[in-house]
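Reviewing the structure listed below.
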Amino acid sequence: MAFTLIIILFSAANCFEKQIQISVYSLVILIALSTIISILVSFYIYDLSGLYELKWIVLTGNENLIINVNAGFDETTALIKNKFKGADLIALDFYDPIKHTERSIKRARKAYPSATDTISVITTNLPLEDNSADKIFVIFSAHEIRNKEERSLFFKELRRVLKPEGQIYLMEHLRDTVNFMAYNIGFLHFYSKNTWLETFEDAKLIIKHEIKITPFISTFILTKNGNTI
């Protein structure tokens, strides 16, 4: 879309007076730079930073059940399963085309279908027993829950499922200055840290640690009682 817009503006610039042409060319440069920066930042985050080496996960050796929750675009289940070789792992997909209407997730689901053993779930009613999960991972997916009430109920469900000494790993971009610089208005797709803090508080979850793998990503390690294994 950016490339098409650049071509249109560049082609139409000659139709205007010189002063307007300068403004149009300036806009073209701005769009081009913004697009290039977004691509380079994404390349750094997802390909160069070591994000998917999962070194940020703390292992205890006592994990029996791991839950990985996604919105239908799942790049991490196989990696997490390899990390916790002695534990059972369940992948959950909460995507609902009626509730979760962002175009980006629809494109991602179409390009990369979920694994056959992934379980489709409802965010407000997870089919898991109380106090059953040692670790729950929600990686780049919770922001797809755009409704505040649904998001709150979802995290309450995560708390219900989590063992008393378990941990929830929430990884997200934040709606902050560095992500604005990287993604321009695209940063509006993310939530601010204050929004996440309100969600955690409402679900009675406590931040045990916050990890910054890169300046563009925050990982919140949450517990239900302030303790960790």
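Residue names in the structure tokens use chain letters A, B, ... in the order shown, residue numbers from 1 in each chain, and ligand numbers from 1 in the order shown.
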Helix (DSSP H, G or I) per DSSP on the backbone: members of range 36-168 of chain A, as a CSV table (one decimal) with C-alpha atoms, in the first residue's frame:
```
chain,number,residue,atom,x,y,z
A,36,ILE,CA,11.7,1.3,5.5
A,37,ILE,CA,12.2,2.0,9.2
A,38,SER,CA,9.2,-0.3,10.1
A,39,ILE,CA,10.6,-3.1,8.0
A,40,LEU,CA,14.1,-2.8,9.5
A,41,VAL,CA,12.8,-2.6,13.0
A,42,SER,CA,10.7,-5.7,12.5
A,43,PHE,CA,13.7,-7.5,10.9
A,44,TYR,CA,15.8,-6.6,14.0
A,45,ILE,CA,13.1,-7.8,16.5
A,46,TYR,CA,12.0,-11.0,14.9
A,47,ASP,CA,15.2,-12.1,13.1
A,48,LEU,CA,18.2,-10.6,14.8
A,51,LEU,CA,13.7,-13.4,20.5
A,52,TYR,CA,12.8,-16.9,19.5
A,53,GLU,CA,15.7,-18.5,21.3
A,77,THR,CA,4.4,-23.6,20.3
A,78,ALA,CA,7.0,-25.9,18.7
A,79,LEU,CA,9.8,-23.8,20.2
A,80,ILE,CA,8.2,-23.8,23.7
A,81,LYS,CA,7.6,-27.5,23.5
A,82,ASN,CA,11.2,-28.1,22.8
A,83,LYS,CA,12.1,-25.9,25.7
A,103,ARG,CA,-7.3,-7.5,9.1
A,104,SER,CA,-3.7,-8.3,10.1
A,105,ILE,CA,-4.6,-11.4,12.1
A,106,LYS,CA,-6.9,-12.6,9.3
A,107,ARG,CA,-4.0,-12.4,6.8
A,108,ALA,CA,-1.7,-14.2,9.2
A,109,ARG,CA,-4.1,-17.0,9.8
A,110,LYS,CA,-4.6,-17.5,6.1
A,111,ALA,CA,-0.9,-17.6,5.4
A,142,ALA,CA,-3.7,-10.7,23.7
A,143,HIS,CA,-3.8,-7.3,22.0
A,144,GLU,CA,-6.2,-8.9,19.4
A,148,LYS,CA,-11.9,-4.2,27.4
A,149,GLU,CA,-14.4,-6.4,29.2
A,150,GLU,CA,-13.5,-9.5,27.2
A,151,ARG,CA,-9.8,-8.8,27.8
A,152,SER,CA,-10.4,-8.6,31.6
A,153,LEU,CA,-12.5,-11.8,31.6
A,154,PHE,CA,-9.8,-13.5,29.6
A,155,PHE,CA,-7.1,-12.7,32.1
A,156,LYS,CA,-9.3,-13.8,35.0
A,157,GLU,CA,-9.6,-17.1,33.2
A,158,LEU,CA,-5.8,-17.3,32.9
A,159,ARG,CA,-5.6,-16.7,36.6
A,160,ARG,CA,-8.1,-19.4,37.4
A,161,VAL,CA,-6.2,-21.9,35.3
```
Legend entry - Selection: 7 Å around Leu92 in chain A, only C-alpha atoms, excl. self and same-chain fewer than 2 positions, as a PyMOL selection string: chain A and resi 68-70+90+94+118-121
Could the residues in this selection be saved with C-alpha atoms as an mmCIF file, in the first residue's frame?
```cif
data_model
loop_
_atom_site.group_PDB
_atom_site.id
_atom_site.type_symbol
_atom_site.label_atom_id
_atom_site.label_comp_id
_atom_site.auth_asym_id
_atom_site.auth_seq_id
_atom_site.Cartn_x
_atom_site.Cartn_y
_atom_site.Cartn_z
ATOM 1 C CA ASN A 68 0.454 -21.469 24.897
ATOM 2 C CA VAL A 69 -2.356 -19.136 23.874
ATOM 3 C CA ASN A 70 -2.524 -17.590 20.422
ATOM 4 C CA ILE A 90 -1.489 -27.458 25.110
ATOM 5 C CA PHE A 94 -9.024 -17.947 20.895
ATOM 6 C CA THR A 118 -4.455 -26.702 18.485
ATOM 7 C CA ILE A 119 -7.668 -26.345 20.516
ATOM 8 C CA SER A 120 -10.126 -23.588 19.572
ATOM 9 C CA VAL A 121 -11.414 -21.843 22.698
#
```
Write out, as JSON lines, each residue of range 91-197 of chain A that has an atom at most 12 Å from range 11-35 of chain A, together with the closest pair of atoms and their distance in Å to one decimal, counting only C-alpha atoms, rows going by chain and rising number.
```
{"residue": "A:Asn179", "atom": "CA", "partner": "A:Ser34", "partner_atom": "CA", "distance": 11.9}
{"residue": "A:Phe180", "atom": "CA", "partner": "A:Ser34", "partner_atom": "CA", "distance": 10.3}
{"residue": "A:Met181", "atom": "CA", "partner": "A:Ser34", "partner_atom": "CA", "distance": 8.4}
{"residue": "A:Ala182", "atom": "CA", "partner": "A:Ser34", "partner_atom": "CA", "distance": 7.6}
{"residue": "A:Tyr183", "atom": "CA", "partner": "A:Ser34", "partner_atom": "CA", "distance": 7.3}
{"residue": "A:Asn184", "atom": "CA", "partner": "A:Ser34", "partner_atom": "CA", "distance": 7.0}
{"residue": "A:Ile185", "atom": "CA", "partner": "A:Ser34", "partner_atom": "CA", "distance": 10.1}
{"residue": "A:Gly186", "atom": "CA", "partner": "A:Ser34", "partner_atom": "CA", "distance": 10.7}
```
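When only C-alpha atoms are used to measure the gap to Gly166 in chain A, the shortest distance among A:Ile98, A:Ala91, A:Val58, A:Ala115 belongs to A:Val58.
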Inset, instruction - Considering only C-alpha atoms, state which residue in the set A:Gly72, A:Pro164, A:Thr124, A:Lys193 is at the smallest distance from Thr177 in chain A. - result: A:Lys193
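For the atom pair formed by CA of Val138 in chain A and CA of Ser49 in chain A, the distance is 19.1 Å, given to one decimal.
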Counting only C-alpha atoms, what is within 6 Å of Thr223 in chain A, bar same-chain residues fewer than 2 positions away, as a JSON list (two decimals) with N, CA and C atoms, in the first residue's frame?
```json
[["chain", "number", "residue", "atom", "x", "y", "z"],
["A", 167, "GLN", "N", 3.24, -19.12, 36.58],
["A", 167, "GLN", "CA", 3.57, -17.83, 35.97],
["A", 167, "GLN", "C", 2.89, -17.68, 34.62],
["A", 205, "LEU", "N", -3.88, -10.04, 39.13],
["A", 205, "LEU", "CA", -2.58, -10.60, 38.79],
["A", 205, "LEU", "C", -1.49, -9.61, 39.16],
["A", 206, "ILE", "N", -0.35, -10.12, 39.57],
["A", 206, "ILE", "CA", 0.75, -9.29, 40.05],
["A", 206, "ILE", "C", 1.94, -9.41, 39.11],
["A", 225, "ASN", "N", -0.19, -14.61, 43.19],
["A", 225, "ASN", "CA", -0.02, -14.33, 44.60],
["A", 225, "ASN", "C", 1.28, -13.63, 44.94],
["A", 226, "GLY", "N", 2.03, -13.22, 43.92],
["A", 226, "GLY", "CA", 3.27, -12.51, 44.17],
["A", 226, "GLY", "C", 4.46, -13.40, 44.36]]
```
Inset, instruction - Do a neighbour search on Ile221 in chain A at 6 Å with only C-alpha atoms, toss out local chain neighbours closer than 2 positions, and write the hits as JSON, numbers by chain. - result: {"A": [168, 169, 207, 208, 209]}
